[in-house]
Amino acid sequence: MNVTFTLNGKETTVEYEEGMSVLDVLREVCLIKSCKDGCSGQGFCGACTVLINGKAMMSCRQKPESIEGKEIVTIEGLRKEEQEIISKSMVKEGAIQCGFCTPGIVMRIKSFLDQNPISTREEKARAITSNLCRCTGYQRIVDAIETAEKHWQSKDTNISGPPRRNEFFGEQHGFSREFEPKKDGVGSSAPRYRGIDMALGEKPYIADMEKENMLHGALLLSKYPRAKVLKIDTSEAENGCGVVRIFTAPDVPGKRIIGHIIPDWPVFVAEGEITRYVGDVLAMVVADSMLHARAALEKINIEYEILELVDDPIKALAEDAIKIHEKGNLLGHTFFGRGDVDDALSKSKYVIKHQFKTQRIEHAFMEVESSLAVPTENGIHVYSQGQGVHEDQRQIAEVLGLETGNVIVELVTNGGAFGGKEDLSCQAQTAIASFLLKKPVKTVLTREQSLLMHVKRHPMTMNYEVGADENGKLTAVRMKLIADTGAYASVGAKVVERAAGHCCGPYYVPNVDVDAKAVYTNNPVCGAMRGFGVNQTSFAMETCLNLISQKMREDGLEIDDFDIRERNILKDGQRFATGQKMTPTVVGMQKCLDVVKDAYKSSTVPTGIACGIKNTGIGNGLEDTGRVLIKVLEDETIEILTGFTEMGQGLFTILSQVVSELTDIPLSKMSIKSISYPKTKCGMTTASRATALDSMAAKKAAEKLVKALESKTLKELKGQEFHGEYITNFTVKPGTPIDNPVTHLTFSYAVQVAFLDEKGNLKKMIAAHDVGKVMNPMACAGQIEGGIHMGLGHTLSESFPSTKGVPNSLKMRDLQIVKARDTPEVEVILVEVPEDIGGFGSKGVGEIGLVPTAGAVAGALYKFDNKPRFSLPLLRKEK
């Protein structure tokens with residue numbers, strides 16, 4: 001079938017196949033890669049937005065025959081000055097993080113500005129509501145539209161000056177910077193690395209990559225959460241159009257069972273084995289096109305014996321429960337305590353006892369999982385968008401039966417992750433196909449497969465018993481937690497360990513009794529997600545504090561929710577929940593309270609407040625390491641290599657700032673890459689640790705380069721390498737019987753305040769965050785705003801429910817992510833209490849943005865209607 005249309009001013013006739021969309025035609029036939037596929041034709045995310053006869057439309061929802069004779073414009077077809085105005089505005093205002101959604105938003109902005117020369121912020125937010133961004137929280141995108149608006153009619157491309165949202169340090173609260181940072185050095189709002197390229201769709205993601213003679217893979221997933229696979233019949237599929245080969249379990253050259261921590265997850269489920277969830281992979285089709293590979297999946301016939309499943313974690317712990325894994329259904333058990341909780345509770349003036357429940361949540365990163373594998377002379381080169389190139393390397397080498405050194409894993413632009421890309425998705429299967437066929441193979445999951453396969457946020461049931469004396473000082477906390485970790489281990493035990501360790505929040509509690517379990521079920525797998533269990537326990541603990549202060553007010557005492565927090569926050573030398581003694585930098589918690597005090601105390605609307613604490617680094621007895629390698633290239637530029645992933649948090653930008661700070665080499669002379677070399681081994685990009693650890697490693701490497709530049713020029717240093725390594729290995733597991741069980745490297749602190757209007761709608765959030773050293777104010781504040789936006793979804797509406805192990809819906813719209821028009825104003829105030837652990841005093845910021853959010857919003861709603869909330873989400877509309 002043929003269709004003729006005008007593409008970016010040029011008449012174009014193309015041939016297409018049945019089942020293709022306009023997006024498929026643009027990407028696969030016309031090779032226009034700026035328009036992205038984020039929802040597999042669901043018409044929800046807007047990443048594929050183009051202009052059709054001048055109107056912004058989602059190309060994934062249009063059939064090729066519908067554009068006959070019409071005019072299509074993509075970013076490539078915009079006037080150069082239009083490209084510059086919007087892309088420069090997006091970079092200047094910090095409106096880009098992972099960048100996957102950005103080209104679609106750019107096209108939406110172009111259409112909006114053409115039709116609306118002047119508009120309000122509310123109108124701008126409504127204009128982008130059909131485009132999903134999971135990273136930014138939207139308000140910086142609206143800022144970018146405001147900036148572009150001022151230049152649109154004149155087409156003036158001189159976009160300069162500070163960002164519109166530049167009041168990060170809250171001078172009105174008495175906090176300001178001690179010095180003016182160098183241009184593009186540490187502490188400056190240096191522009192995002194390759195931000196212009198991201199805005200214009202010129203920085204490729206894996207799905208955009210092409211290799212000569214490349215084949216395409218597609219995965220077949222289990223239809224049932226627990227069933228015996230009796231037969232996998234691929235005979236009909238093998239004769240499918242363009243099919244090259246079909247792979248199943250017997251084709252795996254090496255180990256078939258893998259896992260990040262515990263190897264319990266099969267690359268392929270074999271005939272005769274039992275599936276454990278609906279994301280299990282049974283077969284892989286490799287064909288000459290993605291369309292043909294996916295079509296052939298329908299022709300694979302699977303014979304199942306459907307078995308009884310386990311979908312309740314409490315029932316899964318029963319002695320007679322079906323065992324999902326041979327060792328049983330208890331994946332992890334964290335327990336510790338100190339003092340006499342029973343005695344303390346019996347003597348407490350106030351005791352709160354409640355059960356809290358939180359829901360399963362989908363990450364909804366914009367870029368679905370994908371992988372490209374290319375055979376090499378001795379092994380394989382895998383392009384990944386995972387969160388740890390070295391961990392991918394180890395597991396892929398095991399699957400292929402190769403030495404680790406024969407597998408190279410290189411990060412390609414990561415379109416968002418939030419913890420959901422720590423585990424392998426399709427990398428291992430793609431590597432197997434490429435290795436055995438000796439040809440490049442690319443696999444891109446559909447959005448539906450992505451939702452089925454990767455891990456989710458844990459649903460948790462938490463039973464809290466919290467005591468306080470007559471002055472509101474906490475006396476004891478007993479917490480028992482059960483988390484549904486789903487079918488495989490992932491990092492589920494570590495999530496529960498982290499939730500347990502943070503169960504008292506940033507408060508001093510002298511008597512503690514904690515028991516937390518991660519339990520296998522046949523439900524979707526749960527693992528790492530931004531917050532890593534801490535936001536669940538934070539919601540419970542913050543609600544308990546509000547209930548105590550309410551009881552005190554009922555007794556006639558003058559105390560509010562701010563006061564009870566200030567009375568109980570941790571001080572230097574006091575013990576965290578795990579028993580770790582706090583250091584002097586814990587004063588950051590008090591400083592965060594100080595800067596929001598006036599806003600909270602003077603509020604005349606229903607207002608909630610919550611404090612947050614979040615670890616930097618994995619800790620809990622594990623090593624945290626950052627490594628950076630600086631290479632001087634032949635063209636006298638430098639290449640910065642690391643093993644941590646840039647996934648929108650700004651790590652690559654910050655590494656370039658660190659090197660520029662010490663060497664005065666301009667950012668334009670730097671390139672940055674994450675690759676699995678031995679000298680860049682860092683581990684997984686998780687636990688809010690990449691910036692703190694890698695900035696220290698980059699500092700060490702840059703100092704060596706500075707030393708070399710004292711006697712030689714960059715030209716004379718061509719080909720030389722400068723290595724920086726930073727290792728911390730002094731933490732212990734919770735419950736270790738020593739005087740000061742240091743379970744975490746350090747902590748970040750936050751206070752968030754939620755303001756409602758007279759109808760009970762959320763109108764504004766204030767977020768004061770101690771982040772150690774602010775490495776890049778714009779990027780730092782952007783991370784907090786994005787975290788709050790994700791936290792609002794977690795609090796108000798988002799959920800990923802399942803029934804008998806099967807997700808209720810695979811539609812992105814049913815996730816109920818908060819859209820641009822519904823996102824409240826967020827004011828960020830950055831507090832600096834430098835920490836020795838991180839480079840230049842930095843510490844984690846990526847996760848704590850959503851830790852106190854639920855507590856603050858639930859507290860505000862409690863003030864509005866006097867109804868405490870004990871389960872999340874608070875306002876979800878079920879269909």
# chains A, B, ... in the order shown; residues from 1 in each chain; ligands from 1
>>> select_by_dssp(residues="segment 431-515 of chain A", states="strand (DSSP E)", output="ChimeraX atom specification")
/A:441-444,460-468,474-486,511-515
>>> write_last_selection(atoms="N, CA and C atoms", output="CSV table (one decimal), in the first residue's frame")
chain,number,residue,atom,x,y,z
A,441,VAL,N,20.9,-7.1,16.6
A,441,VAL,CA,19.5,-7.3,16.9
A,441,VAL,C,19.0,-6.2,17.8
A,442,LYS,N,17.9,-5.6,17.5
A,442,LYS,CA,17.3,-4.6,18.3
A,442,LYS,C,15.9,-5.0,18.8
A,443,THR,N,15.7,-4.9,20.1
A,443,THR,CA,14.3,-5.2,20.7
A,443,THR,C,13.8,-4.0,21.4
A,444,VAL,N,12.5,-3.7,21.1
A,444,VAL,CA,11.8,-2.6,21.7
A,444,VAL,C,10.5,-3.1,22.3
A,460,MET,N,2.2,-1.9,50.5
A,460,MET,CA,2.6,-2.2,51.8
A,460,MET,C,1.4,-2.1,52.8
A,461,THR,N,1.4,-3.0,53.7
A,461,THR,CA,0.5,-2.9,54.9
A,461,THR,C,1.4,-2.7,56.1
A,462,MET,N,1.1,-1.6,56.8
A,462,MET,CA,2.0,-1.2,57.9
A,462,MET,C,1.1,-1.0,59.2
A,463,ASN,N,1.4,-1.7,60.2
A,463,ASN,CA,0.8,-1.5,61.5
A,463,ASN,C,1.7,-0.7,62.5
A,464,TYR,N,1.2,0.5,62.8
A,464,TYR,CA,2.0,1.4,63.6
A,464,TYR,C,1.4,1.5,65.0
A,465,GLU,N,2.2,1.6,66.0
A,465,GLU,CA,1.8,1.9,67.4
A,465,GLU,C,2.9,2.9,67.8
A,466,VAL,N,2.4,4.2,68.1
A,466,VAL,CA,3.3,5.3,68.4
A,466,VAL,C,2.9,6.0,69.7
A,467,GLY,N,3.9,6.1,70.6
A,467,GLY,CA,3.6,6.7,71.9
A,467,GLY,C,4.3,8.1,72.0
A,468,ALA,N,3.6,9.0,72.8
A,468,ALA,CA,4.2,10.3,73.1
A,468,ALA,C,3.9,10.7,74.6
A,474,LEU,N,8.0,12.0,71.5
A,474,LEU,CA,7.8,10.6,71.1
A,474,LEU,C,8.6,9.7,72.1
A,475,THR,N,7.9,8.6,72.5
A,475,THR,CA,8.4,7.7,73.5
A,475,THR,C,8.8,6.3,72.9
A,476,ALA,N,8.0,5.9,71.9
A,476,ALA,CA,8.1,4.6,71.3
A,476,ALA,C,7.5,4.5,70.0
A,477,VAL,N,8.0,3.6,69.2
A,477,VAL,CA,7.4,3.2,67.9
A,477,VAL,C,7.5,1.7,67.7
A,478,ARG,N,6.4,1.0,67.5
A,478,ARG,CA,6.3,-0.4,67.1
A,478,ARG,C,5.8,-0.4,65.7
A,479,MET,N,6.5,-1.0,64.8
A,479,MET,CA,6.0,-1.1,63.4
A,479,MET,C,6.2,-2.5,62.8
A,480,LYS,N,5.1,-3.0,62.3
A,480,LYS,CA,5.1,-4.3,61.6
A,480,LYS,C,4.7,-4.0,60.2
A,481,LEU,N,5.4,-4.5,59.2
A,481,LEU,CA,5.2,-4.2,57.8
A,481,LEU,C,5.2,-5.5,57.0
A,482,ILE,N,4.3,-5.6,56.1
A,482,ILE,CA,4.3,-6.7,55.1
A,482,ILE,C,4.2,-6.1,53.7
A,483,ALA,N,5.1,-6.4,52.8
A,483,ALA,CA,5.2,-5.9,51.5
A,483,ALA,C,5.0,-7.0,50.5
A,484,ASP,N,4.1,-6.8,49.5
A,484,ASP,CA,3.9,-7.7,48.4
A,484,ASP,C,5.0,-7.5,47.4
A,485,THR,N,6.0,-8.4,47.3
A,485,THR,CA,7.2,-8.2,46.4
A,485,THR,C,7.0,-8.8,45.0
A,486,GLY,N,5.8,-9.5,44.8
A,486,GLY,CA,5.6,-10.1,43.6
A,486,GLY,C,6.4,-11.4,43.3
A,511,ASN,N,12.6,4.2,72.1
A,511,ASN,CA,12.3,2.8,72.1
A,511,ASN,C,11.7,2.4,70.8
A,512,VAL,N,12.3,1.4,70.1
A,512,VAL,CA,11.8,1.0,68.8
A,512,VAL,C,11.8,-0.5,68.7
A,513,ASP,N,10.7,-1.0,68.0
A,513,ASP,CA,10.6,-2.4,67.7
A,513,ASP,C,10.0,-2.5,66.3
A,514,VAL,N,10.9,-3.1,65.4
A,514,VAL,CA,10.5,-3.1,63.9
A,514,VAL,C,10.6,-4.5,63.4
A,515,ASP,N,9.6,-4.9,62.6
A,515,ASP,CA,9.6,-6.2,62.0
A,515,ASP,C,9.0,-6.0,60.6
>>> residues_around(residues="Thr637 of chain A", least_positions_apart="3", cutoff="6 Å", atoms="only C-alpha atoms", output="count of residues only")
3
>>> residues_around(residues="Asn620 of chain A", least_positions_apart="2", cutoff="8 Å", atoms="only C-alpha atoms", output="list in words")
Ile618, Leu622, Thr731, Val732, Lys733, Pro734, Val742, Thr743 and His744 of chain A
>>> residues_around(residues="segment 767-770 of chain A", least_positions_apart="4", cutoff="8 Å", atoms="only C-alpha atoms", output="list in words")
Gly588, Met589, Lys591, Cys592, Leu593, Val595, Val596, Ser748, Tyr749, Ala750, Val751, Gln752, Val753, Ile784, Val826, Glu827, Val828, Ile829, Leu830, Val831, Glu832 and Val833 of chain A
>>> closest_residue(among="A:Arg360, A:His292, A:Lys759, A:Lys203", to="Ser797 of chain A", atoms="only C-alpha atoms")
A:Arg360
>>> select_by_dssp(residues="segment 411-553 of chain A", states="helix (DSSP H, G or I)", output="VMD selection string")
chain A and resid 427 to 437 447 to 453 492 to 501 534 to 553
>>> closest_residue(among="A:Ser668, A:Ser549, A:Ser425, A:Thr625", to="Phe268 of chain A", atoms="only C-alpha atoms")
A:Ser425
>>> closest_residue(among="A:Arg108, A:His502, A:Arg164, A:Lys421", to="Lys456 of chain A", atoms="only C-alpha atoms")
A:Lys421
>>> closest_residue(among="A:Asp739, A:Asp635, A:Glu847, A:Glu68", to="Leu717 of chain A", atoms="only C-alpha atoms")
A:Asp635
>>> closest_residue(among="A:Leu861, A:Gly626, A:Arg821, A:Leu709", to="Glu123 of chain A", atoms="only C-alpha atoms")
A:Arg821
>>> residues_around(residues="segment 302-305 of chain A", least_positions_apart="2", cutoff="9 Å", atoms="only C-alpha atoms", output="list in words")
Ser222, Lys223, Tyr224, Arg226, Ala227, Lys228, Val229, Leu230, Lys231, Ile232, Asp233, Thr234, Leu282, Ile300 and Leu307 of chain A
>>> atom_distance(atom1="atom CA of Pro313 of chain A", atom2="atom CA of Gly527 of chain A")
15.1 Å
>>> closest_residue(among="A:Ser40, A:Thr583, A:Thr663, A:Ser21", to="Leu445 of chain A", atoms="only C-alpha atoms")
A:Ser40
>>> residues_around(residues="Lys819 of chain A", least_positions_apart="6", cutoff="8 Å", atoms="only C-alpha atoms", output="tab-separated table (two decimals) with N, CA and C atoms, in the first residue's frame")
chain	number	residue	atom	x	y	z
A	129	THR	N	-1.32	19.70	28.43
A	129	THR	CA	-1.90	18.65	29.27
A	129	THR	C	-1.98	17.31	28.54
A	130	SER	N	-2.08	17.33	27.22
A	130	SER	CA	-2.14	16.06	26.49
A	130	SER	C	-0.76	15.44	26.30
A	132	LEU	N	2.57	14.00	28.20
A	132	LEU	CA	3.00	13.50	29.50
A	132	LEU	C	4.49	13.72	29.69
>>> closest_atom_pairs(of="segment 224-291 of chain A", to="segment 428-435 of chain A", cutoff="9 Å", atoms="only C-alpha atoms", output="CSV")
residue,atom,partner,partner_atom,distance
A:Arg245,CA,A:Ala433,CA,8.6
A:Ile246,CA,A:Ala433,CA,8.8
A:Phe247,CA,A:Ala433,CA,7.4
A:Asp251,CA,A:Ile432,CA,8.1
A:Val252,CA,A:Ile432,CA,6.8
A:Pro253,CA,A:Ile432,CA,7.7
A:Val267,CA,A:Gln429,CA,6.8
A:Phe268,CA,A:Gln429,CA,8.3
A:Met284,CA,A:Gln429,CA,7.4
A:Val286,CA,A:Ala433,CA,7.5
>>> write_last_selection(atoms="all heavy atoms", output="compact mmCIF listing (two decimals), in the first residue's frame")
# COMPACT_ATOMS: atom_id res chain seq x y z
N ARG A 245 14.44 -16.38 13.01
CA ARG A 245 14.61 -17.47 13.97
C ARG A 245 13.78 -17.17 15.21
O ARG A 245 13.49 -16.01 15.53
CB ARG A 245 16.09 -17.63 14.35
CG ARG A 245 16.36 -18.81 15.29
CD ARG A 245 17.83 -19.10 15.44
NE ARG A 245 18.07 -20.03 16.53
CZ ARG A 245 19.27 -20.45 16.92
NH1 ARG A 245 20.36 -20.03 16.27
NH2 ARG A 245 19.41 -21.31 17.92
N ILE A 246 13.40 -18.23 15.91
CA ILE A 246 12.68 -18.09 17.17
C ILE A 246 13.51 -18.76 18.27
O ILE A 246 13.98 -19.88 18.10
CB ILE A 246 11.29 -18.73 17.08
CG1 ILE A 246 10.46 -18.00 16.01
CG2 ILE A 246 10.58 -18.67 18.44
CD1 ILE A 246 9.10 -18.59 15.77
N PHE A 247 13.68 -18.03 19.35
CA PHE A 247 14.50 -18.52 20.47
C PHE A 247 13.62 -18.88 21.65
O PHE A 247 12.66 -18.18 21.99
CB PHE A 247 15.50 -17.44 20.89
CG PHE A 247 16.52 -17.10 19.84
CD1 PHE A 247 16.27 -16.10 18.91
CD2 PHE A 247 17.73 -17.78 19.77
CE1 PHE A 247 17.20 -15.79 17.92
CE2 PHE A 247 18.67 -17.48 18.80
CZ PHE A 247 18.40 -16.48 17.87
N ASP A 251 17.90 -22.51 23.89
CA ASP A 251 18.88 -21.76 23.10
C ASP A 251 19.84 -20.95 23.97
O ASP A 251 20.81 -20.38 23.45
CB ASP A 251 18.17 -20.82 22.12
CG ASP A 251 17.37 -21.58 21.09
OD1 ASP A 251 17.94 -22.45 20.42
OD2 ASP A 251 16.16 -21.29 20.96
N VAL A 252 19.58 -20.86 25.26
CA VAL A 252 20.44 -20.03 26.13
C VAL A 252 21.80 -20.70 26.27
O VAL A 252 21.91 -21.83 26.76
CB VAL A 252 19.79 -19.84 27.52
CG1 VAL A 252 20.71 -18.99 28.40
CG2 VAL A 252 18.43 -19.17 27.37
N PRO A 253 22.89 -20.02 25.87
CA PRO A 253 24.22 -20.65 25.90
C PRO A 253 24.78 -20.86 27.30
O PRO A 253 25.55 -21.78 27.53
CB PRO A 253 25.10 -19.66 25.12
CG PRO A 253 24.17 -18.73 24.43
CD PRO A 253 22.93 -18.69 25.26
N VAL A 267 15.47 -16.13 32.12
CA VAL A 267 15.50 -15.38 30.87
C VAL A 267 14.38 -15.88 29.96
O VAL A 267 13.71 -15.11 29.29
CB VAL A 267 16.87 -15.55 30.19
CG1 VAL A 267 16.88 -14.89 28.82
CG2 VAL A 267 17.96 -14.93 31.07
N PHE A 268 14.21 -17.19 29.91
CA PHE A 268 13.06 -17.84 29.25
C PHE A 268 12.52 -18.90 30.21
O PHE A 268 13.30 -19.63 30.82
CB PHE A 268 13.47 -18.54 27.95
CG PHE A 268 13.88 -17.63 26.83
CD1 PHE A 268 15.22 -17.50 26.49
CD2 PHE A 268 12.93 -16.94 26.09
CE1 PHE A 268 15.60 -16.69 25.44
CE2 PHE A 268 13.31 -16.11 25.04
CZ PHE A 268 14.65 -15.99 24.71
N MET A 284 11.19 -15.70 21.93
CA MET A 284 11.58 -14.46 21.25
C MET A 284 11.61 -14.71 19.75
O MET A 284 12.24 -15.64 19.27
CB MET A 284 12.96 -14.00 21.71
CG MET A 284 13.45 -12.74 21.03
SD MET A 284 15.17 -12.36 21.47
CE MET A 284 15.26 -10.64 20.95
N VAL A 286 12.79 -13.27 16.11
CA VAL A 286 13.69 -12.33 15.44
C VAL A 286 13.32 -12.32 13.96
O VAL A 286 13.23 -13.38 13.32
CB VAL A 286 15.17 -12.72 15.63
CG1 VAL A 286 16.07 -11.79 14.84
CG2 VAL A 286 15.53 -12.67 17.11
